[in-house]
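Source file: final15.cif; contents: mmCIF, C-alpha atoms, pLDDT in the B column; chains and numbers go by the auth columns.
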```
data_structure
#
loop_
_atom_site.group_PDB
_atom_site.id
_atom_site.type_symbol
_atom_site.label_atom_id
_atom_site.label_comp_id
_atom_site.label_asym_id
_atom_site.label_seq_id
_atom_site.Cartn_x
_atom_site.Cartn_y
_atom_site.Cartn_z
_atom_site.B_iso_or_equiv
_atom_site.auth_seq_id
_atom_site.auth_asym_id
ATOM 1 C CA MET A 1 32.445 132.934 118.853 65.00 14 A
ATOM 2 C CA ASN A 2 31.589 131.314 122.201 74.00 15 A
ATOM 3 C CA GLN A 3 34.058 129.390 124.347 74.00 16 A
ATOM 4 C CA ASP A 4 32.893 125.975 123.095 77.00 17 A
ATOM 5 C CA GLU A 5 33.511 127.058 119.507 81.00 18 A
ATOM 6 C CA VAL A 6 36.952 128.380 120.457 81.00 19 A
ATOM 7 C CA MET A 7 37.786 125.030 122.085 85.00 20 A
ATOM 8 C CA GLN A 8 36.659 123.147 118.982 85.00 21 A
ATOM 9 C CA GLN A 9 38.817 125.386 116.791 84.00 22 A
ATOM 10 C CA LEU A 10 41.759 124.944 119.167 86.00 23 A
ATOM 11 C CA MET A 11 41.460 121.146 119.071 87.00 24 A
ATOM 12 C CA ARG A 12 41.280 121.172 115.279 86.00 25 A
ATOM 13 C CA ALA A 13 44.418 123.301 115.150 83.00 26 A
ATOM 14 C CA MET A 14 46.254 121.223 117.774 85.00 27 A
ATOM 15 C CA PRO A 15 44.866 117.660 117.802 86.00 28 A
ATOM 16 C CA SER A 16 47.070 116.707 120.774 88.00 29 A
ATOM 17 C CA LEU A 17 44.556 118.602 122.935 87.00 30 A
ATOM 18 C CA ASN A 18 41.846 116.080 122.093 86.00 31 A
ATOM 19 C CA GLY A 19 41.136 113.512 124.777 87.00 32 A
ATOM 20 C CA LEU A 20 41.838 115.831 127.704 88.00 33 A
ATOM 21 C CA PRO A 21 40.543 114.673 131.093 89.00 34 A
ATOM 22 C CA VAL A 22 37.245 116.431 131.823 89.00 35 A
ATOM 23 C CA GLY A 23 38.628 118.595 134.618 90.00 36 A
ATOM 24 C CA LEU A 24 41.626 119.730 132.584 91.00 37 A
ATOM 25 C CA GLN A 25 39.471 120.425 129.511 91.00 38 A
ATOM 26 C CA GLU A 26 37.161 122.581 131.642 90.00 39 A
ATOM 27 C CA GLU A 27 40.170 124.503 132.999 91.00 40 A
ATOM 28 C CA VAL A 28 41.507 125.138 129.486 90.00 41 A
ATOM 29 C CA ALA A 29 38.065 126.282 128.276 89.00 42 A
ATOM 30 C CA HIS A 30 37.580 128.559 131.282 90.00 43 A
ATOM 31 C CA ASN A 31 41.008 130.228 131.143 91.00 44 A
ATOM 32 C CA LEU A 32 41.557 130.343 127.379 89.00 45 A
ATOM 33 C CA ARG A 33 41.714 133.786 125.757 90.00 46 A
ATOM 34 C CA LEU A 34 40.988 134.356 122.070 91.00 47 A
ATOM 35 C CA ILE A 35 42.919 137.264 120.534 91.00 48 A
ATOM 36 C CA ARG A 36 42.183 138.688 117.080 94.00 49 A
ATOM 37 C CA LEU A 37 44.932 140.872 115.640 95.00 50 A
ATOM 38 C CA PRO A 38 45.300 142.619 112.262 96.00 51 A
ATOM 39 C CA ALA A 39 48.387 142.197 110.090 94.00 52 A
ATOM 40 C CA GLY A 40 51.389 144.152 111.367 92.00 53 A
ATOM 41 C CA THR A 41 50.336 144.024 115.024 94.00 54 A
ATOM 42 C CA PRO A 42 52.970 142.926 117.568 92.00 55 A
ATOM 43 C CA VAL A 43 52.107 139.696 119.392 92.00 56 A
ATOM 44 C CA PHE A 44 55.072 139.957 121.765 91.00 57 A
ATOM 45 C CA SER A 45 58.202 142.095 121.959 90.00 58 A
ATOM 46 C CA GLU A 46 61.762 141.368 123.018 88.00 59 A
ATOM 47 C CA ARG A 47 62.212 141.458 126.816 89.00 60 A
ATOM 48 C CA ASP A 48 58.441 141.305 127.417 89.00 61 A
ATOM 49 C CA PRO A 49 57.328 138.897 130.145 88.00 62 A
ATOM 50 C CA CYS A 50 55.526 135.816 128.840 86.00 63 A
ATOM 51 C CA ALA A 51 51.771 136.396 129.227 83.00 64 A
ATOM 52 C CA GLY A 52 50.810 132.872 128.191 89.00 65 A
ATOM 53 C CA PHE A 53 51.320 130.153 125.607 91.00 66 A
ATOM 54 C CA PRO A 54 50.057 131.294 122.165 91.00 67 A
ATOM 55 C CA ILE A 55 48.647 128.858 119.604 90.00 68 A
ATOM 56 C CA VAL A 56 47.871 130.278 116.155 91.00 69 A
ATOM 57 C CA LEU A 57 44.363 129.323 115.016 91.00 70 A
ATOM 58 C CA SER A 58 44.391 131.269 111.755 91.00 71 A
ATOM 59 C CA GLY A 59 46.867 133.483 109.922 93.00 72 A
ATOM 60 C CA ARG A 60 50.647 133.639 110.326 91.00 73 A
ATOM 61 C CA VAL A 61 52.938 135.128 112.973 93.00 74 A
ATOM 62 C CA ARG A 62 56.492 136.066 111.990 90.00 75 A
ATOM 63 C CA VAL A 63 59.175 135.779 114.688 91.00 76 A
ATOM 64 C CA SER A 64 62.334 137.862 114.275 88.00 77 A
ATOM 65 C CA LYS A 65 65.391 139.064 116.178 85.00 78 A
ATOM 66 C CA ALA A 66 66.743 142.619 116.190 80.00 79 A
ATOM 67 C CA LEU A 67 70.412 142.844 115.194 73.00 80 A
ATOM 68 C CA GLU A 68 72.966 145.377 116.411 66.00 81 A
ATOM 69 C CA SER A 69 73.054 146.822 112.896 65.00 82 A
ATOM 70 C CA GLY A 70 69.416 147.887 113.295 69.00 83 A
ATOM 71 C CA ARG A 71 68.158 145.239 110.870 71.00 84 A
ATOM 72 C CA GLU A 72 65.923 142.338 111.799 76.00 85 A
ATOM 73 C CA LEU A 73 66.623 138.675 111.144 78.00 86 A
ATOM 74 C CA ALA A 74 63.558 136.556 110.383 80.00 87 A
ATOM 75 C CA LEU A 75 63.795 133.376 112.485 84.00 88 A
ATOM 76 C CA TYR A 76 60.638 131.482 111.500 85.00 89 A
ATOM 77 C CA GLU A 77 56.887 131.780 111.000 87.00 90 A
ATOM 78 C CA VAL A 78 54.179 130.177 113.129 89.00 91 A
ATOM 79 C CA THR A 79 51.139 128.883 111.218 89.00 92 A
ATOM 80 C CA PRO A 80 47.856 127.355 112.467 88.00 93 A
ATOM 81 C CA GLY A 81 48.359 124.487 114.870 76.00 94 A
ATOM 82 C CA GLU A 82 52.028 125.279 115.469 78.00 95 A
ATOM 83 C CA SER A 83 53.540 126.449 118.717 78.00 96 A
ATOM 84 C CA CYS A 84 56.282 129.054 119.047 85.00 97 A
ATOM 85 C CA VAL A 85 59.670 127.839 120.309 83.00 98 A
ATOM 86 C CA ILE A 86 60.450 131.275 121.802 87.00 99 A
ATOM 87 C CA SER A 87 57.188 131.130 123.759 89.00 100 A
ATOM 88 C CA THR A 88 57.879 127.544 124.829 88.00 101 A
ATOM 89 C CA SER A 89 61.294 128.605 126.099 87.00 102 A
ATOM 90 C CA CYS A 90 59.759 131.523 127.997 87.00 103 A
ATOM 91 C CA MET A 91 57.072 129.346 129.565 88.00 104 A
ATOM 92 C CA ILE A 92 59.432 126.551 130.625 85.00 105 A
ATOM 93 C CA GLY A 93 62.303 128.811 131.694 82.00 106 A
ATOM 94 C CA ALA A 94 60.216 131.642 133.157 78.00 107 A
ATOM 95 C CA ALA A 95 62.337 134.085 131.131 81.00 108 A
ATOM 96 C CA PRO A 96 61.326 137.142 129.080 87.00 109 A
ATOM 97 C CA TYR A 97 60.996 136.937 125.315 88.00 110 A
ATOM 98 C CA GLY A 98 64.288 136.908 123.428 85.00 111 A
ATOM 99 C CA ALA A 99 62.740 137.933 120.097 89.00 112 A
ATOM 100 C CA ARG A 100 59.648 139.641 118.738 90.00 113 A
ATOM 101 C CA GLY A 101 56.524 138.241 117.102 92.00 114 A
ATOM 102 C CA GLU A 102 54.371 140.161 114.644 93.00 115 A
ATOM 103 C CA CYS A 103 51.285 139.176 112.675 94.00 116 A
ATOM 104 C CA ALA A 104 52.310 138.597 109.060 91.00 117 A
ATOM 105 C CA THR A 105 48.578 138.418 108.240 93.00 118 A
ATOM 106 C CA ASP A 106 45.368 138.961 110.165 95.00 119 A
ATOM 107 C CA ALA A 107 45.493 136.304 112.868 94.00 120 A
ATOM 108 C CA GLU A 108 43.464 134.570 115.558 93.00 121 A
ATOM 109 C CA ILE A 109 45.520 133.364 118.505 92.00 122 A
ATOM 110 C CA ALA A 110 44.481 131.255 121.484 91.00 123 A
ATOM 111 C CA LEU A 111 46.423 132.178 124.623 92.00 124 A
ATOM 112 C CA ILE A 112 46.791 129.541 127.350 92.00 125 A
ATOM 113 C CA PRO A 113 47.862 131.011 130.721 92.00 126 A
ATOM 114 C CA ARG A 114 50.980 129.701 132.476 91.00 127 A
ATOM 115 C CA ASN A 115 49.260 127.680 135.226 92.00 128 A
ATOM 116 C CA THR A 116 47.088 125.840 132.691 94.00 129 A
ATOM 117 C CA PHE A 117 50.075 125.303 130.375 93.00 130 A
ATOM 118 C CA ASP A 118 52.025 123.793 133.281 92.00 131 A
ATOM 119 C CA ARG A 119 49.167 121.371 133.986 93.00 132 A
ATOM 120 C CA LEU A 120 48.900 120.402 130.323 93.00 133 A
ATOM 121 C CA ILE A 121 52.640 119.698 130.143 93.00 134 A
ATOM 122 C CA ALA A 122 52.562 117.688 133.381 93.00 135 A
ATOM 123 C CA GLU A 123 49.318 115.765 132.907 93.00 136 A
ATOM 124 C CA HIS A 124 48.609 115.357 129.177 92.00 137 A
ATOM 125 C CA ARG A 125 51.330 113.385 127.420 93.00 138 A
ATOM 126 C CA PRO A 126 50.186 114.006 123.783 93.00 139 A
ATOM 127 C CA PHE A 127 50.346 117.786 124.324 91.00 140 A
ATOM 128 C CA ARG A 128 53.740 117.545 126.030 91.00 141 A
ATOM 129 C CA GLU A 129 55.178 115.388 123.248 90.00 142 A
ATOM 130 C CA GLU A 130 53.875 117.693 120.511 86.00 143 A
ATOM 131 C CA VAL A 131 55.195 120.854 122.181 87.00 144 A
ATOM 132 C CA LEU A 132 58.620 119.300 122.776 85.00 145 A
ATOM 133 C CA GLN A 133 58.781 117.873 119.233 86.00 146 A
ATOM 134 C CA VAL A 134 58.042 121.280 117.709 82.00 147 A
ATOM 135 C CA PHE A 135 60.624 122.763 120.085 81.00 148 A
ATOM 136 C CA ALA A 136 63.252 120.274 118.885 82.00 149 A
ATOM 137 C CA ASP A 137 62.379 120.847 115.219 80.00 150 A
ATOM 138 C CA ARG A 138 62.612 124.628 115.599 77.00 151 A
ATOM 139 C CA ILE A 139 65.951 124.407 117.410 77.00 152 A
ATOM 140 C CA LEU A 140 67.313 122.343 114.509 73.00 153 A
ATOM 141 C CA GLN A 141 65.948 124.915 112.048 72.00 154 A
ATOM 142 C CA LEU A 142 67.562 127.751 114.005 73.00 155 A
ATOM 143 C CA MET A 143 70.892 125.892 114.107 71.00 156 A
ATOM 144 C CA GLU A 144 70.732 125.561 110.326 67.00 157 A
ATOM 145 C CA LEU A 145 69.958 129.276 110.085 67.00 158 A
ATOM 146 C CA VAL A 146 72.981 130.147 112.239 66.00 159 A
ATOM 147 C CA GLU A 147 75.175 127.880 110.107 60.00 160 A
ATOM 148 C CA SER A 148 73.946 129.447 106.881 60.00 161 A
ATOM 149 C CA ILE A 149 74.552 132.972 108.178 62.00 162 A
ATOM 150 C CA GLY A 150 78.001 132.173 109.486 56.00 163 A
ATOM 151 C CA PHE A 151 79.342 129.956 106.737 50.00 164 A
ATOM 152 C CA MET A 152 77.199 130.058 103.587 60.00 165 A
ATOM 153 C CA ARG A 153 77.664 132.611 100.839 81.00 166 A
ATOM 154 C CA LEU A 154 74.812 135.045 100.371 84.00 167 A
ATOM 155 C CA ASP A 155 74.217 133.929 96.773 88.00 168 A
ATOM 156 C CA ARG A 156 73.542 130.377 98.057 87.00 169 A
ATOM 157 C CA ARG A 157 71.267 131.598 100.855 85.00 170 A
ATOM 158 C CA LEU A 158 69.334 133.847 98.478 90.00 171 A
ATOM 159 C CA ALA A 159 68.876 131.074 95.894 91.00 172 A
ATOM 160 C CA ALA A 160 67.669 128.684 98.606 89.00 173 A
ATOM 161 C CA ALA A 161 65.209 131.315 99.878 89.00 174 A
ATOM 162 C CA LEU A 162 63.663 131.664 96.405 92.00 175 A
ATOM 163 C CA LEU A 163 63.178 127.926 95.874 90.00 176 A
ATOM 164 C CA GLY A 164 60.121 125.967 96.983 83.00 177 A
ATOM 165 C CA LYS A 165 57.677 128.862 96.592 83.00 178 A
ATOM 166 C CA GLY A 166 56.443 128.145 93.073 86.00 179 A
ATOM 167 C CA ALA A 167 57.112 129.963 89.824 90.00 180 A
ATOM 168 C CA ARG A 168 56.412 133.402 91.314 92.00 181 A
ATOM 169 C CA VAL A 169 57.794 134.679 94.622 92.00 182 A
ATOM 170 C CA ALA A 170 55.549 137.519 95.815 90.00 183 A
ATOM 171 C CA ALA A 171 58.043 139.404 97.973 89.00 184 A
ATOM 172 C CA SER A 172 59.908 142.694 97.805 90.00 185 A
ATOM 173 C CA HIS A 173 63.682 142.952 97.958 91.00 186 A
ATOM 174 C CA GLN A 174 63.299 144.469 101.435 88.00 187 A
ATOM 175 C CA GLU A 175 61.199 141.544 102.680 87.00 188 A
ATOM 176 C CA ILE A 176 63.762 139.034 101.402 89.00 189 A
ATOM 177 C CA ALA A 177 66.576 141.046 102.963 87.00 190 A
ATOM 178 C CA GLU A 178 64.789 140.984 106.334 81.00 191 A
ATOM 179 C CA GLN A 179 64.280 137.240 106.017 80.00 192 A
ATOM 180 C CA LEU A 180 68.013 136.751 105.421 82.00 193 A
ATOM 181 C CA GLY A 181 69.169 139.389 107.901 74.00 194 A
ATOM 182 C CA VAL A 182 71.148 141.382 105.316 80.00 195 A
ATOM 183 C CA SER A 183 70.877 144.741 103.572 82.00 196 A
ATOM 184 C CA ARG A 184 68.351 145.374 100.805 85.00 197 A
ATOM 185 C CA GLU A 185 71.184 146.653 98.605 88.00 198 A
ATOM 186 C CA SER A 186 73.005 143.292 98.801 86.00 199 A
ATOM 187 C CA VAL A 187 69.840 141.401 97.885 90.00 200 A
ATOM 188 C CA SER A 188 69.006 143.763 95.015 92.00 201 A
ATOM 189 C CA ARG A 189 72.539 143.518 93.634 90.00 202 A
ATOM 190 C CA LEU A 190 72.513 139.709 93.677 91.00 203 A
ATOM 191 C CA LEU A 191 68.990 139.476 92.258 94.00 204 A
ATOM 192 C CA LYS A 192 70.123 141.654 89.364 92.00 205 A
ATOM 193 C CA GLN A 193 72.988 139.234 88.782 92.00 206 A
ATOM 194 C CA PHE A 194 70.561 136.301 88.986 93.00 207 A
ATOM 195 C CA GLU A 195 68.463 138.036 86.332 93.00 208 A
ATOM 196 C CA GLN A 196 71.486 138.625 84.103 92.00 209 A
ATOM 197 C CA SER A 197 72.367 134.929 84.356 91.00 210 A
ATOM 198 C CA GLY A 198 68.804 133.998 83.308 92.00 211 A
ATOM 199 C CA SER A 199 67.769 132.454 86.645 93.00 212 A
ATOM 200 C CA VAL A 200 64.997 134.949 87.448 94.00 213 A
ATOM 201 C CA HIS A 201 62.978 137.824 86.009 94.00 214 A
ATOM 202 C CA LEU A 202 62.446 140.795 88.331 94.00 215 A
ATOM 203 C CA GLY A 203 59.074 142.537 88.505 88.00 216 A
ATOM 204 C CA ARG A 204 57.326 144.985 90.795 85.00 217 A
ATOM 205 C CA GLY A 205 56.888 143.279 94.173 84.00 218 A
ATOM 206 C CA ALA A 206 57.538 139.811 92.745 90.00 219 A
ATOM 207 C CA ILE A 207 60.273 137.603 91.334 94.00 220 A
ATOM 208 C CA GLU A 208 59.568 135.160 88.519 94.00 221 A
ATOM 209 C CA ILE A 209 61.618 131.967 88.638 94.00 222 A
ATOM 210 C CA ALA A 210 62.971 131.451 85.115 93.00 223 A
ATOM 211 C CA ASP A 211 65.411 128.604 85.754 92.00 224 A
ATOM 212 C CA ALA A 212 64.824 126.677 88.991 92.00 225 A
ATOM 213 C CA ALA A 213 67.568 124.192 88.108 91.00 226 A
ATOM 214 C CA ALA A 214 70.112 127.017 87.965 92.00 227 A
ATOM 215 C CA LEU A 215 68.935 128.287 91.374 92.00 228 A
ATOM 216 C CA ARG A 216 69.351 124.795 92.799 91.00 229 A
ATOM 217 C CA ARG A 217 72.926 124.709 91.491 90.00 230 A
ATOM 218 C CA ILE A 218 73.632 128.080 93.099 90.00 231 A
ATOM 219 C CA ALA A 219 72.060 126.957 96.401 88.00 232 A
ATOM 220 C CA ALA A 220 74.205 123.809 96.366 85.00 233 A
ATOM 221 C CA GLY A 221 77.382 125.821 95.734 82.00 234 A
ATOM 222 C CA GLU A 222 77.889 124.312 92.282 80.00 235 A
ATOM 223 C CA GLN A 223 77.560 127.700 90.590 76.00 236 A
ATOM 224 C CA ILE A 224 78.855 130.983 92.048 69.00 237 A
ATOM 225 C CA ILE A 225 77.070 134.278 91.517 70.00 238 A
ATOM 226 C CA GLY A 226 78.485 137.515 92.912 57.00 239 A
ATOM 227 C CA GLY A 227 81.061 138.012 95.622 50.00 240 A
ATOM 228 C CA ASP A 228 78.995 138.817 98.725 48.00 241 A
ATOM 229 C CA ARG A 229 79.424 136.437 101.625 45.00 242 A
ATOM 230 C CA SER A 230 77.126 137.683 104.362 46.00 243 A
ATOM 231 C CA HIS A 231 76.086 141.302 103.919 45.00 244 A
#
```
What does the file become when written as structure tokens?
Amino acid sequence: MNQDEVMQQLMRAMPSLNGLPVGLQEEVAHNLRLIRLPAGTPVFSERDPCAGFPIVLSGRVRVSKALESGRELALYEVTPGESCVISTSCMIGAAPYGARGECATDAEIALIPRNTFDRLIAEHRPFREEVLQVFADRILQLMELVESIGFMRLDRRLAAALLGKGARVAASHQEIAEQLGVSRESVSRLLKQFEQSGSVHLGRGAIEIADAAALRRIAAGEQIIGGDRSH
């Protein structure tokens, strides 16, 4: 893929980059790096310096935070066209990464170096507004995550995590536990109780949703399953 094709793909993924002044567009095209990474490859690690501003063109990048317990808490995923709030924070604050990013699937990532990112933020309002809007949305999402961890029962968090993914959730107990930042044993124990109540059917590497209405009641706190609060 030549640089013109990369630029076209970048502008499709992030439409706010359309309409760049000629000089700025040429700078982006000249300095842009295209990175192709297989699933499971680290994109950045905690305490790494920020090498540039990544924009996912294809695939998914999972961002997580290591906990003192040795587990990892999934913070969010970055999909095509989205920017990463951790990377935005690093670029604006000139600070190292405070979390780690890993390819959840094979991914193509466009990396914009700091000097070019600074010019885009300063000189191209649509890009600045999009980056800051995503930043604000992610901060709100992270605040909700902190609230759910600190104050919401695990049965409610688990039920909410299973909803909105269709009739079949293709995830292992370990993957769900990592998403929620809790032990696999706690998730497995609650899922078994969900199954006994008729809310789900457990299979190998997948969970079938048997009663979505019941899960919604659990997520809303109208029905209590199990006694675990956080771990």
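Evaluated against the shown file, the PyMOL selection byres ((chain A and resi 115) around 9) gives A:Ala52, A:Gly53, A:Thr54, A:Pro55, A:Val56, A:Phe57, A:Ser58, A:Arg73, A:Val74, A:Arg75, A:Val76, A:Ser77, A:Arg113, A:Gly114, A:Cys116, A:Ala117, A:Thr118.
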Matched chain/residue IDs from the PyMOL selection byres ((chain A and resi 194-201) around 7), as a PDB file with C-alpha atoms, in the coordinates of the input:
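Writing done, so here's selection22.pdb:
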```
ATOM      1  CA  ARG A  84      68.158 145.239 110.870  1.00 71.00           C
ATOM      2  CA  GLU A  85      65.923 142.338 111.799  1.00 76.00           C
ATOM      3  CA  LEU A  86      66.623 138.675 111.144  1.00 78.00           C
ATOM      4  CA  ALA A  87      63.558 136.556 110.383  1.00 80.00           C
ATOM      5  CA  HIS A 186      63.682 142.952  97.958  1.00 91.00           C
ATOM      6  CA  GLN A 187      63.299 144.469 101.435  1.00 88.00           C
ATOM      7  CA  ALA A 190      66.576 141.046 102.963  1.00 87.00           C
ATOM      8  CA  GLU A 191      64.789 140.984 106.334  1.00 81.00           C
ATOM      9  CA  GLN A 192      64.280 137.240 106.017  1.00 80.00           C
ATOM     10  CA  LEU A 193      68.013 136.751 105.421  1.00 82.00           C
ATOM     11  CA  ARG A 202      72.539 143.518  93.634  1.00 90.00           C
ATOM     12  CA  LEU A 203      72.513 139.709  93.677  1.00 91.00           C
ATOM     13  CA  LEU A 204      68.990 139.476  92.258  1.00 94.00           C
ATOM     14  CA  LYS A 205      70.123 141.654  89.364  1.00 92.00           C
ATOM     15  CA  HIS A 244      76.086 141.302 103.919  1.00 45.00           C
TER      16      HIS A 244
END
```
(message) Please list as a list of chain:residue names every residue within 10 Å of Ala108 (chain A), counting all atoms listed in the file and excluding residues in the same chain fewer than 4 positions away.
(response) A:Arg60, A:Asp61, A:Pro62, A:Cys63, A:Ile99, A:Ser100, A:Ser102, A:Cys103, A:Met104
(request) Please indicate the distance in Å from CA of Val69 (chain A) to CA of Leu171 (chain A), rounded to one decimal place. (result) 28.0 Å
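With all atoms listed in the file as the basis for measurement, A:Ala42 is the residue among A:Ile189, A:Ala42, A:Tyr110, A:Ile220 that approaches Glu18 (chain A) most closely.
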(request) Identify, on the basis of only C-alpha atoms, every residue whose closest approach to Ser96 (chain A) does not exceed 7 Å; exclude the query and any residue fewer than 2 positions from it along the same chain; express the result as a count of residues only. (result) 7
(message) Once the PyMOL selection byres ((chain A and resi 225-231) around 12) is applied to the coordinates I shared, what remains selected? I want it as a PyMOL selection string.
(response) chain A and resi 165-181+203-204+206-208+210-214+221-224+232-239
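For the atom pair formed by CA of Ile134 (chain A) and CA of Tyr89 (chain A), the distance is 23.5 Å, given to one decimal.
When all atoms listed in the file are used to compute distances to Arg132 (chain A), the closest of the residues A:Gln16, A:Gln38, A:Gln22, A:Asn31 turns out to be A:Gln38.
Interatomic distance, CA of Ile125 (chain A) to CA of Leu47 (chain A): 9.2 Å.
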(request) Write out as a PyMOL selection string which residues come within 7 Å of Pro93 (chain A) when counting all atoms listed in the file, dropping same-chain ones fewer than 4 positions away. (result) chain A and resi 26+69-72
Sphere at (48.1, 126.5, 136.2), radius 12 Å, counting all atoms listed in the file: residues as a tab-separated table (two decimals) with C-alpha atoms, in the frame of the given file:
```
chain	number	residue	atom	x	y	z
A	37	LEU	CA	41.63	119.73	132.58
A	40	GLU	CA	40.17	124.50	133.00
A	41	VAL	CA	41.51	125.14	129.49
A	43	HIS	CA	37.58	128.56	131.28
A	44	ASN	CA	41.01	130.23	131.14
A	45	LEU	CA	41.56	130.34	127.38
A	65	GLY	CA	50.81	132.87	128.19
A	66	PHE	CA	51.32	130.15	125.61
A	104	MET	CA	57.07	129.35	129.56
A	125	ILE	CA	46.79	129.54	127.35
A	126	PRO	CA	47.86	131.01	130.72
A	127	ARG	CA	50.98	129.70	132.48
A	128	ASN	CA	49.26	127.68	135.23
A	129	THR	CA	47.09	125.84	132.69
A	130	PHE	CA	50.08	125.30	130.38
A	131	ASP	CA	52.02	123.79	133.28
A	132	ARG	CA	49.17	121.37	133.99
A	133	LEU	CA	48.90	120.40	130.32
A	134	ILE	CA	52.64	119.70	130.14
A	135	ALA	CA	52.56	117.69	133.38
A	136	GLU	CA	49.32	115.76	132.91
```
(request) List the residues sitting within 9 Å of (56.7, 142.1, 94.6) in the file's frame, using all atoms listed in the file, as an NGL selection string. (result) :A and (182-186 or 215-220)
(request) Would you please work out which residue, of A:Glu59, A:Ile152, A:Ile48, A:Glu90, is nearest to Ala112 (chain A) when using only C-alpha atoms? (result) A:Glu59
Size and centre in Å, one decimal, axis-aligned box, all listed region 126-140 of chain A atoms plus 3 Å per side, as JSON:
```
{"center_x": 49.9, "center_y": 122.2, "center_z": 129.5, "size_x": 11.6, "size_y": 23.6, "size_z": 17.4}
```
